[in-house]
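Structure below is target36.pdb: PDB, C-alpha atoms.
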ATOM      1  CA  MET A  77    -167.523  23.497 114.885
ATOM      2  CA  SER A  78    -169.952  25.512 117.024
ATOM      3  CA  GLU A  79    -168.152  28.753 116.100
ATOM      4  CA  GLN A  80    -168.817  28.008 112.441
ATOM      5  CA  ILE A  81    -172.507  27.408 113.120
ATOM      6  CA  ILE A  82    -172.744  30.682 115.055
ATOM      7  CA  PHE A  83    -170.938  32.489 112.240
ATOM      8  CA  VAL A  84    -173.269  31.066 109.588
ATOM      9  CA  LEU A  85    -176.354  32.003 111.638
ATOM     10  CA  LEU A  86    -175.043  35.525 112.209
ATOM     11  CA  ALA A  87    -174.208  35.852 108.518
ATOM     12  CA  ILE A  88    -177.701  34.720 107.486
ATOM     13  CA  ILE A  89    -179.346  37.130 109.931
ATOM     14  CA  THR A  90    -177.086  40.045 109.007
ATOM     15  CA  LEU A  91    -177.279  39.568 105.250
ATOM     16  CA  GLY A  92    -181.009  38.834 105.332
ATOM     17  CA  SER A  93    -181.804  41.954 107.314
ATOM     18  CA  ALA A  94    -179.464  44.021 105.104
ATOM     19  CA  LEU A  95    -181.397  42.764 102.087
ATOM     20  CA  VAL A  96    -184.632  43.838 103.773
ATOM     21  CA  VAL A  97    -183.115  47.298 104.375
ATOM     22  CA  VAL A  98    -182.399  47.927 100.704
ATOM     23  CA  THR A  99    -185.557  46.362  99.238
ATOM     24  CA  ASN A 100    -188.281  47.334 101.700
ATOM     25  CA  ARG A 101    -190.704  50.029 100.557
ATOM     26  CA  ASN A 102    -191.635  51.084 104.088
ATOM     27  CA  LEU A 103    -188.871  53.273 105.532
ATOM     28  CA  PHE A 104    -189.810  52.479 109.118
ATOM     29  CA  HIS A 105    -189.523  48.733 108.556
ATOM     30  CA  ALA A 106    -186.241  49.280 106.712
ATOM     31  CA  ALA A 107    -184.890  51.200 109.721
ATOM     32  CA  LEU A 108    -185.909  48.363 112.043
ATOM     33  CA  ALA A 109    -184.156  45.886 109.764
ATOM     34  CA  LEU A 110    -181.098  48.150 109.864
ATOM     35  CA  MET A 111    -181.081  47.762 113.639
ATOM     36  CA  VAL A 112    -181.066  43.965 113.217
ATOM     37  CA  THR A 113    -178.164  44.311 110.765
ATOM     38  CA  PHE A 114    -176.211  46.373 113.295
ATOM     39  CA  ALA A 115    -176.952  43.756 115.966
ATOM     40  CA  GLY A 116    -175.580  41.067 113.652
ATOM     41  CA  VAL A 117    -172.370  43.047 113.225
ATOM     42  CA  ALA A 118    -172.151  43.326 117.020
ATOM     43  CA  GLY A 119    -172.516  39.538 117.130
ATOM     44  CA  PHE A 120    -169.560  39.218 114.766
ATOM     45  CA  TYR A 121    -167.514  41.380 117.121
ATOM     46  CA  LEU A 122    -168.471  39.111 120.009
ATOM     47  CA  THR A 123    -167.340  36.019 118.116
ATOM     48  CA  LEU A 124    -163.993  37.748 117.548
ATOM     49  CA  ASP A 125    -163.610  38.366 121.310
ATOM     50  CA  ALA A 126    -163.892  42.116 120.768
ATOM     51  CA  GLY A 127    -166.380  42.876 123.530
ATOM     52  CA  PHE A 128    -165.618  46.586 123.626
ATOM     53  CA  MET A 129    -166.285  46.944 119.905
ATOM     54  CA  ALA A 130    -169.531  44.958 120.266
ATOM     55  CA  MET A 131    -170.755  47.225 123.043
ATOM     56  CA  ALA A 132    -169.709  50.319 121.096
ATOM     57  CA  GLN A 133    -171.644  48.952 118.113
ATOM     58  CA  LEU A 134    -174.708  48.472 120.301
ATOM     59  CA  LEU A 135    -174.488  51.863 121.965
ATOM     60  CA  VAL A 136    -173.493  54.014 119.003
ATOM     61  CA  TYR A 137    -175.218  52.400 116.039
ATOM     62  CA  ILE A 138    -178.269  50.739 117.576
ATOM     63  CA  GLY A 139    -178.688  53.078 120.515
ATOM     64  CA  ALA A 140    -178.013  56.362 118.769
ATOM     65  CA  ILE A 141    -177.841  56.280 114.987
ATOM     66  CA  SER A 142    -180.771  53.910 114.426
ATOM     67  CA  ILE A 143    -182.983  55.722 116.917
ATOM     68  CA  LEU A 144    -182.108  59.039 115.266
ATOM     69  CA  ILE A 145    -183.067  57.580 111.879
ATOM     70  CA  ILE A 146    -186.365  56.293 113.302
ATOM     71  CA  PHE A 147    -187.102  59.726 114.815
ATOM     72  CA  ALA A 148    -186.409  61.368 111.453
ATOM     73  CA  ILE A 149    -188.716  58.920 109.686
ATOM     74  CA  MET A 150    -191.483  59.364 112.235
ATOM     75  CA  MET A 151    -191.237  63.153 112.026
ATOM     76  CA  THR A 152    -191.737  63.081 108.282
ATOM     77  CA  ARG A 153    -195.161  61.477 108.220
ATOM     78  CA  ARG A 154    -195.567  61.940 104.486
ATOM     79  CA  LEU A 155    -192.845  59.395 103.741
ATOM     80  CA  MET A 156    -194.438  56.722 105.930
ATOM     81  CA  GLN A 157    -197.113  56.079 103.286
ATOM     82  CA  ALA A 158    -194.723  56.114 100.312
ATOM     83  CA  THR A 159    -195.367  53.257  97.946
ATOM     84  CA  GLU A 160    -192.703  54.064  95.397
ATOM     85  CA  ASP A 161    -190.663  51.400  93.677
ATOM     86  CA  PRO A 162    -187.526  50.726  95.777
ATOM     87  CA  PHE A 163    -185.508  50.195  92.611
ATOM     88  CA  ASN A 164    -184.284  53.142  90.575
ATOM     89  CA  SER A 165    -182.434  53.721  87.316
ATOM     90  CA  GLN A 166    -179.085  52.852  88.929
ATOM     91  CA  ARG A 167    -180.010  49.295  89.870
ATOM     92  CA  TRP A 168    -177.714  47.844  87.184
ATOM     93  CA  MET A 169    -174.723  49.772  88.515
ATOM     94  CA  GLY A 170    -175.640  48.602  91.998
ATOM     95  CA  LEU A 171    -175.853  45.019  90.790
ATOM     96  CA  PHE A 172    -172.473  45.397  89.068
ATOM     97  CA  GLY A 173    -170.922  46.809  92.263
ATOM     98  CA  ALA A 174    -172.391  44.033  94.369
ATOM     99  CA  LEU A 175    -171.159  41.325  91.993
ATOM    100  CA  ALA A 176    -167.691  42.911  91.811
ATOM    101  CA  GLY A 177    -167.518  43.031  95.613
ATOM    102  CA  PHE A 178    -168.670  39.428  95.858
ATOM    103  CA  ALA A 179    -166.083  38.367  93.269
ATOM    104  CA  LEU A 180    -163.325  40.132  95.214
ATOM    105  CA  VAL A 181    -164.332  38.442  98.458
ATOM    106  CA  ALA A 182    -164.619  35.071  96.691
ATOM    107  CA  ILE A 183    -161.122  35.433  95.210
ATOM    108  CA  VAL A 184    -159.658  36.253  98.611
ATOM    109  CA  VAL A 185    -161.448  33.327 100.271
ATOM    110  CA  VAL A 186    -160.452  30.838  97.572
ATOM    111  CA  ARG A 187    -156.863  32.006  97.528
ATOM    112  CA  TYR A 188    -156.225  32.237 101.259
ATOM    113  CA  TRP A 189    -158.697  29.841 102.875
ATOM    114  CA  PRO A 190    -156.941  26.532 103.643
ATOM    115  CA  VAL A 191    -158.750  23.382 102.617
ATOM    116  CA  GLN A 192    -157.214  21.464 105.517
ATOM    117  CA  PRO A 193    -156.250  23.881 108.305
ATOM    118  CA  SER A 194    -152.818  23.190 109.671
ATOM    119  CA  GLU A 195    -150.934  24.457 112.678
ATOM    120  CA  SER A 196    -149.150  27.042 110.547
ATOM    121  CA  SER A 197    -152.372  28.352 108.994
ATOM    122  CA  PHE A 198    -153.272  31.886 109.954
ATOM    123  CA  LEU A 199    -156.908  30.816 110.337
ATOM    124  CA  ALA A 200    -156.164  27.806 112.552
ATOM    125  CA  SER A 201    -155.942  29.757 115.803
ATOM    126  CA  ARG A 202    -156.127  33.242 117.126
ATOM    127  CA  PRO A 203    -152.873  34.930 118.027
ATOM    128  CA  TYR A 204    -152.051  35.114 121.701
ATOM    129  CA  VAL A 205    -152.578  38.518 123.279
ATOM    130  CA  ASP A 206    -151.437  39.100 126.829
ATOM    131  CA  PRO A 207    -154.507  39.833 129.019
ATOM    132  CA  GLU A 208    -152.468  42.453 130.877
ATOM    133  CA  LEU A 209    -152.123  44.402 127.638
ATOM    134  CA  LEU A 210    -155.867  44.337 126.991
ATOM    135  CA  THR A 211    -156.782  45.260 130.550
ATOM    136  CA  GLY A 212    -154.408  48.201 130.552
ATOM    137  CA  SER A 213    -155.533  49.540 127.194
ATOM    138  CA  VAL A 214    -159.238  49.324 128.020
ATOM    139  CA  ALA A 215    -158.613  51.035 131.350
ATOM    140  CA  ARG A 216    -156.635  53.820 129.654
ATOM    141  CA  LEU A 217    -159.404  54.242 127.089
ATOM    142  CA  GLY A 218    -162.015  54.502 129.843
ATOM    143  CA  VAL A 219    -159.979  57.089 131.734
ATOM    144  CA  SER A 220    -159.495  59.133 128.572
ATOM    145  CA  PHE A 221    -163.256  59.140 127.930
ATOM    146  CA  VAL A 222    -163.990  60.765 131.295
ATOM    147  CA  SER A 223    -160.878  62.884 131.653
ATOM    148  CA  ALA A 224    -161.264  66.627 131.201
ATOM    149  CA  ASP A 225    -157.933  66.643 129.356
ATOM    150  CA  ALA A 226    -159.022  64.093 126.750
ATOM    151  CA  TYR A 227    -162.401  63.282 125.172
ATOM    152  CA  VAL A 228    -165.077  64.415 127.623
ATOM    153  CA  VAL A 229    -165.367  67.952 126.210
ATOM    154  CA  PRO A 230    -165.805  66.847 122.564
ATOM    155  CA  PHE A 231    -168.417  64.302 123.670
ATOM    156  CA  GLU A 232    -170.323  66.950 125.601
ATOM    157  CA  ILE A 233    -170.193  69.334 122.643
ATOM    158  CA  ALA A 234    -171.475  66.577 120.344
ATOM    159  CA  SER A 235    -174.278  65.743 122.772
ATOM    160  CA  VAL A 236    -175.397  69.395 122.951
ATOM    161  CA  LEU A 237    -175.247  69.601 119.143
ATOM    162  CA  LEU A 238    -177.367  66.448 118.781
ATOM    163  CA  LEU A 239    -179.851  67.774 121.343
ATOM    164  CA  ALA A 240    -180.124  71.049 119.413
ATOM    165  CA  ALA A 241    -180.653  69.101 116.177
ATOM    166  CA  LEU A 242    -183.394  67.016 117.803
ATOM    167  CA  VAL A 243    -185.160  70.095 119.177
ATOM    168  CA  GLY A 244    -184.840  71.765 115.773
ATOM    169  CA  ALA A 245    -186.329  68.694 114.059
ATOM    170  CA  ILE A 246    -189.259  68.738 116.478
ATOM    171  CA  VAL A 247    -189.869  72.440 115.825
ATOM    172  CA  VAL A 248    -189.717  71.945 112.054
ATOM    173  CA  ALA A 249    -191.981  68.875 112.115
ATOM    174  CA  TRP A 250    -194.486  70.314 114.592
ATOM    175  CA  PRO A 251    -197.831  70.715 112.815
ATOM    176  CA  LYS A 252    -199.023  74.286 112.478
ATOM    177  CA  ALA A 253    -202.507  75.248 113.614
ATOM    178  CA  GLU A 254    -203.757  75.703 110.047
ATOM    179  CA  ASP A 255    -202.529  72.192 109.133
ATOM    180  CA  LEU A 256    -204.623  70.629 111.894
ATOM    181  CA  GLU A 257    -207.913  72.052 110.605
TER     182      GLU A 257
END
Do you think you could lay out the structure here as structure tokens?
Amino acid sequence: MSEQIIFVLLAIITLGSALVVVTNRNLFHAALALMVTFAGVAGFYLTLDAGFMAMAQLLVYIGAISILIIFAIMMTRRLMQATEDPFNSQRWMGLFGALAGFALVAIVVVRYWPVQPSESSFLASRPYVDPELLTGSVARLGVSFVSADAYVVPFEIASVLLLAALVGAIVVAWPKAEDLE
């Protein structure tokens, strides 16, 4: 029962913050709400016993992507005071897409969710996974991340590229002397 309560709380937090992301007029506040949404998704991963995915969600999406978005927003000062309507001419298509997605999820839940879970139900229990298998795969993944023969070179190239993009954004956003007067 406690897992259901945690799931409902995570769902409320995640969906509520996602709603704030798409309806907020202030881009900075929307980006902060996006970070809360990403944290909610990481919470879902934790409830599914996928600790590695939760930590990857925290590091990649909250630690990198969200911070990059916040830097981009802060470097474009003009957009911080935007008071435009968050809704545009495509809001009806967006509403249609959202309702169609909700209907699809509702059909799947109604069709496959058991009213009384039984032992044979696929939702009654999690499948058994040998801990030896998980330990070995996580260890192999860690070794491949730091091995010169695997993923360390692409990660270093991506980090240099992101650093160059950040320096370029700072140079572009830097106020010129005539703008300060």
Could you list the residues chosen by the PyMOL selection byres ((chain A and resi 107-120) around 7) in this structure as a PyMOL selection string?
-> chain A and resi 86+89-90+93-94+96-97+103-106+121-124+130+133-134+137-138+142+145-146
Around all the atoms of range 106-117 of chain A listed in the file, with 5 Å of room on each side, what axis-aligned box do you get, giving centre and edge lengths in Å to one decimal, as AutoDock Vina command-line options?
--center_x -179.3 --center_y 46.1 --center_z 111.3 --size_x 23.9 --size_y 20.1 --size_z 19.3
Grab the CA of Gly218 in chain A to CA of Leu144 in chain A distance for me, in Å with one decimal place.
-> 25.2 Å
So which one's closest to Gly127 in chain A, A:Leu171, A:Ile88, A:Leu180, A:Val214? Using all atoms listed in the file, please.
->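 Answer, going by the shortest atom-to-atom distance: A:Val214.
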Could you jot down the CA of Ala234 in chain A to CA of Ser220 in chain A separation for me, Å, one decimal place?
-> 16.3 Å
How many Å lie between CA of Pro207 in chain A and CA of Ala132 in chain A, rounded to one decimal?
-> 20.1 Å
